[in-house]
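Enquirer: Here it is, the structure, as structure tokens.
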Amino acid sequence: IGVDDLQQTIQAVVDNVCWQMSLDRKTTALKQLQGHMWRAAFTAGRMKAEFFADVVPAVRKWREAGLKVYIYSSGSVEAQKLLFGHSTEGDILELVDGHFDTKIGHKVESESYRKIADSIGCSTNNILFLTDVTPEASAAEAADVHVAVVVRPGNAGLTDDEKTYYSLITSFGDLCLPRSA
């Protein structure tokens with residue numbers, strides 16, 4: 001393969017990746033590529049993940065109360081670990097009991113939530129799923145998972161019906177911990 005052919009191939013791949021990103025595609029391959037790129041940037045110290053100010057203190061309280069915390073993201077497991085391992089709060093991977101990505105299934109498919117419950121060894125109705133995407137919330141509910149929709153600046157707007165139907169939170173601190181027996 002000649003240099004010109006190689007450059008054309010590279011440009012075609014770059015163009016395809018940019019096209020997928022512009023459509024907000026959640027394909028496993030695209031998310032894996034993102035993970036590889038993030039690894040280089042995070043390990044070189046060029047990037048740090050930022051979380052909303054309420055997230056880490058709330059997760060610490062949940063953990064202290066004996067709750068388990070899992071991440072289910074369209075971002076690859078590798079990308080998730082990079083985010084939590086290289087954050088402005090330091091390495092907070094110890095706050096997460098496990099990670100799931102689209103290899104378990106898409107977030108808009110209820111079967112994915114059943115597979116997660118099976119994987120962590122609990123009933124779906126013992127899970128609270130936090131999301132800002134209502135089709136994901138609907139899929140989780142169809143699997144008998146409890147749901148709260150997180151309303152944050154920059155999120156897609158909700159319809160009046162969605163605002164009425166779903167439990168909405170604006171901060172992780174809005175969630176009440178179960179009382180100790």
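Naming scheme: A, B, ... for chains in displayed order of the structure tokens; residues 1 onward per chain; ligands 1 onward as shown.
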Just the residues within 9 Å of A:Phe51, please, counting only C-alpha atoms, with nothing from its chain fewer than 6 positions along; format it as a list in words.
Expert: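 Once the nearby chain positions are removed, what remains is Ser87, Thr88 and Glu89 of chain A.
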Enquirer: Take the selection from the previous step and output its residues with N, CA and C atoms, as a compact mmCIF listing (two decimals), in the first residue's frame.
Expert:
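The file below, again_17.txt, is the result:
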```txt
# COMPACT_ATOMS: atom_id res chain seq x y z
N SER A 87 -9.58 11.41 38.08
CA SER A 87 -10.56 12.50 38.22
C SER A 87 -9.95 13.66 38.99
N THR A 88 -10.65 14.77 38.96
CA THR A 88 -10.22 15.93 39.76
C THR A 88 -10.30 15.62 41.25
N GLU A 89 -11.02 14.54 41.60
CA GLU A 89 -11.12 14.08 42.99
C GLU A 89 -10.05 13.03 43.30
```
Enquirer: Name the residues of stretch 83-141 of chain A that fall into strand (DSSP E) according to DSSP on the backbone, using the chain letters and numbers of this document, as a PyMOL selection string.
Expert: chain A and resi 98-100+128-131
Enquirer: For A:Tyr165, please output as an NGL selection string all residues within 12 Å (counting only C-alpha atoms; exclusion window: fewer than 5 positions along the same chain).
Expert: :A and (134 or 137-138 or 141 or 147-149 or 158-160)
Enquirer: Take the residues from that selection and put them in a file with N, CA and C atoms, as an mmCIF file, in the first residue's frame.
Expert:
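Output file out15.cif follows:
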```cif
data_model
loop_
_atom_site.group_PDB
_atom_site.id
_atom_site.type_symbol
_atom_site.label_atom_id
_atom_site.label_comp_id
_atom_site.auth_asym_id
_atom_site.auth_seq_id
_atom_site.Cartn_x
_atom_site.Cartn_y
_atom_site.Cartn_z
ATOM 1 N N THR A 134 -34.559 9.349 28.991
ATOM 2 C CA THR A 134 -35.821 8.688 29.319
ATOM 3 C C THR A 134 -36.048 7.361 28.589
ATOM 4 N N ALA A 137 -34.535 5.004 30.873
ATOM 5 C CA ALA A 137 -35.376 4.874 32.072
ATOM 6 C C ALA A 137 -36.540 3.936 31.806
ATOM 7 N N SER A 138 -37.150 4.065 30.648
ATOM 8 C CA SER A 138 -38.283 3.226 30.274
ATOM 9 C C SER A 138 -37.866 1.760 30.166
ATOM 10 N N GLU A 141 -37.258 0.384 33.673
ATOM 11 C CA GLU A 141 -38.535 0.148 34.351
ATOM 12 C C GLU A 141 -39.218 -1.108 33.838
ATOM 13 N N VAL A 147 -36.104 3.688 38.992
ATOM 14 C CA VAL A 147 -35.440 4.684 38.158
ATOM 15 C C VAL A 147 -35.629 6.077 38.743
ATOM 16 N N ALA A 148 -34.578 6.871 38.644
ATOM 17 C CA ALA A 148 -34.681 8.314 38.876
ATOM 18 C C ALA A 148 -34.004 8.989 37.698
ATOM 19 N N VAL A 149 -34.661 9.995 37.149
ATOM 20 C CA VAL A 149 -34.099 10.748 36.037
ATOM 21 C C VAL A 149 -33.367 11.955 36.614
ATOM 22 N N LEU A 158 -37.093 17.583 29.022
ATOM 23 C CA LEU A 158 -38.102 16.560 29.241
ATOM 24 C C LEU A 158 -39.471 17.097 28.849
ATOM 25 N N THR A 159 -40.315 16.213 28.356
ATOM 26 C CA THR A 159 -41.690 16.611 28.056
ATOM 27 C C THR A 159 -42.449 16.765 29.375
ATOM 28 N N ASP A 160 -43.592 17.412 29.325
ATOM 29 C CA ASP A 160 -44.418 17.547 30.530
ATOM 30 C C ASP A 160 -44.808 16.180 31.067
#
```
Enquirer: Write out as number ranges by chain each polymer residue whose atoms come within 9 Å of A:Asp101, counting only C-alpha atoms; drop sequence neighbours fewer than 4 positions from it.
Expert: A: 28, 71-77, 80, 105-107
Enquirer: Can you work out which one of A:His86, A:Lys26, A:Lys68, A:Lys61 has the shortest atom-to-atom distance to A:Gly45, counting only C-alpha atoms?
Expert: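 Of A:His86, A:Lys26, A:Lys68, A:Lys61, the one nearest A:Gly45 is A:His86, counting only C-alpha atoms.
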Enquirer: Would you mind listing what lies within 10 Å of stretch 3-17 of chain A as an MDAnalysis selection string, with only C-alpha atoms counted and same-chain residues fewer than 6 positions away left out?
Expert: chainID A and resid 25 30 33:34
Enquirer: Would you output that residue set with all heavy atoms, as an mmCIF file, in the first residue's frame?
Expert:
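Produced file again.cif, reproduced below:
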```
data_model
loop_
_atom_site.group_PDB
_atom_site.id
_atom_site.type_symbol
_atom_site.label_atom_id
_atom_site.label_comp_id
_atom_site.auth_asym_id
_atom_site.auth_seq_id
_atom_site.Cartn_x
_atom_site.Cartn_y
_atom_site.Cartn_z
ATOM 1 N N ARG A 25 -23.619 8.328 17.895
ATOM 2 C CA ARG A 25 -23.717 6.874 17.844
ATOM 3 C C ARG A 25 -23.136 6.277 19.115
ATOM 4 O O ARG A 25 -22.155 6.771 19.650
ATOM 5 C CB ARG A 25 -22.961 6.318 16.632
ATOM 6 C CG ARG A 25 -23.576 6.682 15.289
ATOM 7 C CD ARG A 25 -24.758 5.775 15.004
ATOM 8 N NE ARG A 25 -25.523 6.166 13.857
ATOM 9 C CZ ARG A 25 -25.391 5.624 12.660
ATOM 10 N NH1 ARG A 25 -24.511 4.687 12.432
ATOM 11 N NH2 ARG A 25 -26.162 6.030 11.673
ATOM 12 N N LEU A 30 -16.997 2.248 18.475
ATOM 13 C CA LEU A 30 -16.680 3.665 18.625
ATOM 14 C C LEU A 30 -16.305 3.971 20.067
ATOM 15 O O LEU A 30 -15.346 4.694 20.343
ATOM 16 C CB LEU A 30 -17.871 4.529 18.186
ATOM 17 C CG LEU A 30 -17.648 6.041 18.255
ATOM 18 C CD1 LEU A 30 -16.536 6.478 17.310
ATOM 19 C CD2 LEU A 30 -18.944 6.775 17.923
ATOM 20 N N LEU A 33 -12.816 2.726 20.763
ATOM 21 C CA LEU A 33 -11.832 3.652 20.211
ATOM 22 C C LEU A 33 -11.676 4.855 21.141
ATOM 23 O O LEU A 33 -10.559 5.286 21.432
ATOM 24 C CB LEU A 33 -12.249 4.103 18.806
ATOM 25 C CG LEU A 33 -11.387 5.194 18.173
ATOM 26 C CD1 LEU A 33 -9.951 4.700 17.983
ATOM 27 C CD2 LEU A 33 -11.989 5.639 16.845
ATOM 28 N N GLN A 34 -12.799 5.369 21.620
ATOM 29 C CA GLN A 34 -12.769 6.482 22.563
ATOM 30 C C GLN A 34 -11.949 6.093 23.798
ATOM 31 O O GLN A 34 -11.131 6.878 24.284
ATOM 32 C CB GLN A 34 -14.198 6.845 22.967
ATOM 33 C CG GLN A 34 -14.310 7.960 23.963
ATOM 34 C CD GLN A 34 -15.756 8.157 24.403
ATOM 35 O OE1 GLN A 34 -16.436 7.201 24.781
ATOM 36 N NE2 GLN A 34 -16.222 9.381 24.312
#
```
Enquirer: Which residues are close to A:Ser171, i.e. within 12 Å by only C-alpha atoms, leaving aside same-chain residues fewer than 6 positions away? Reply as a list in words.
Expert: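 Those residues are Phe51, Phe52, Ala53, Asp54, Val55, Val56, Pro57, Ala58, Val59, Leu130, Thr131, Asp132, Ala148, Val149, Val150, Val151, Arg152 and Pro153 of chain A.
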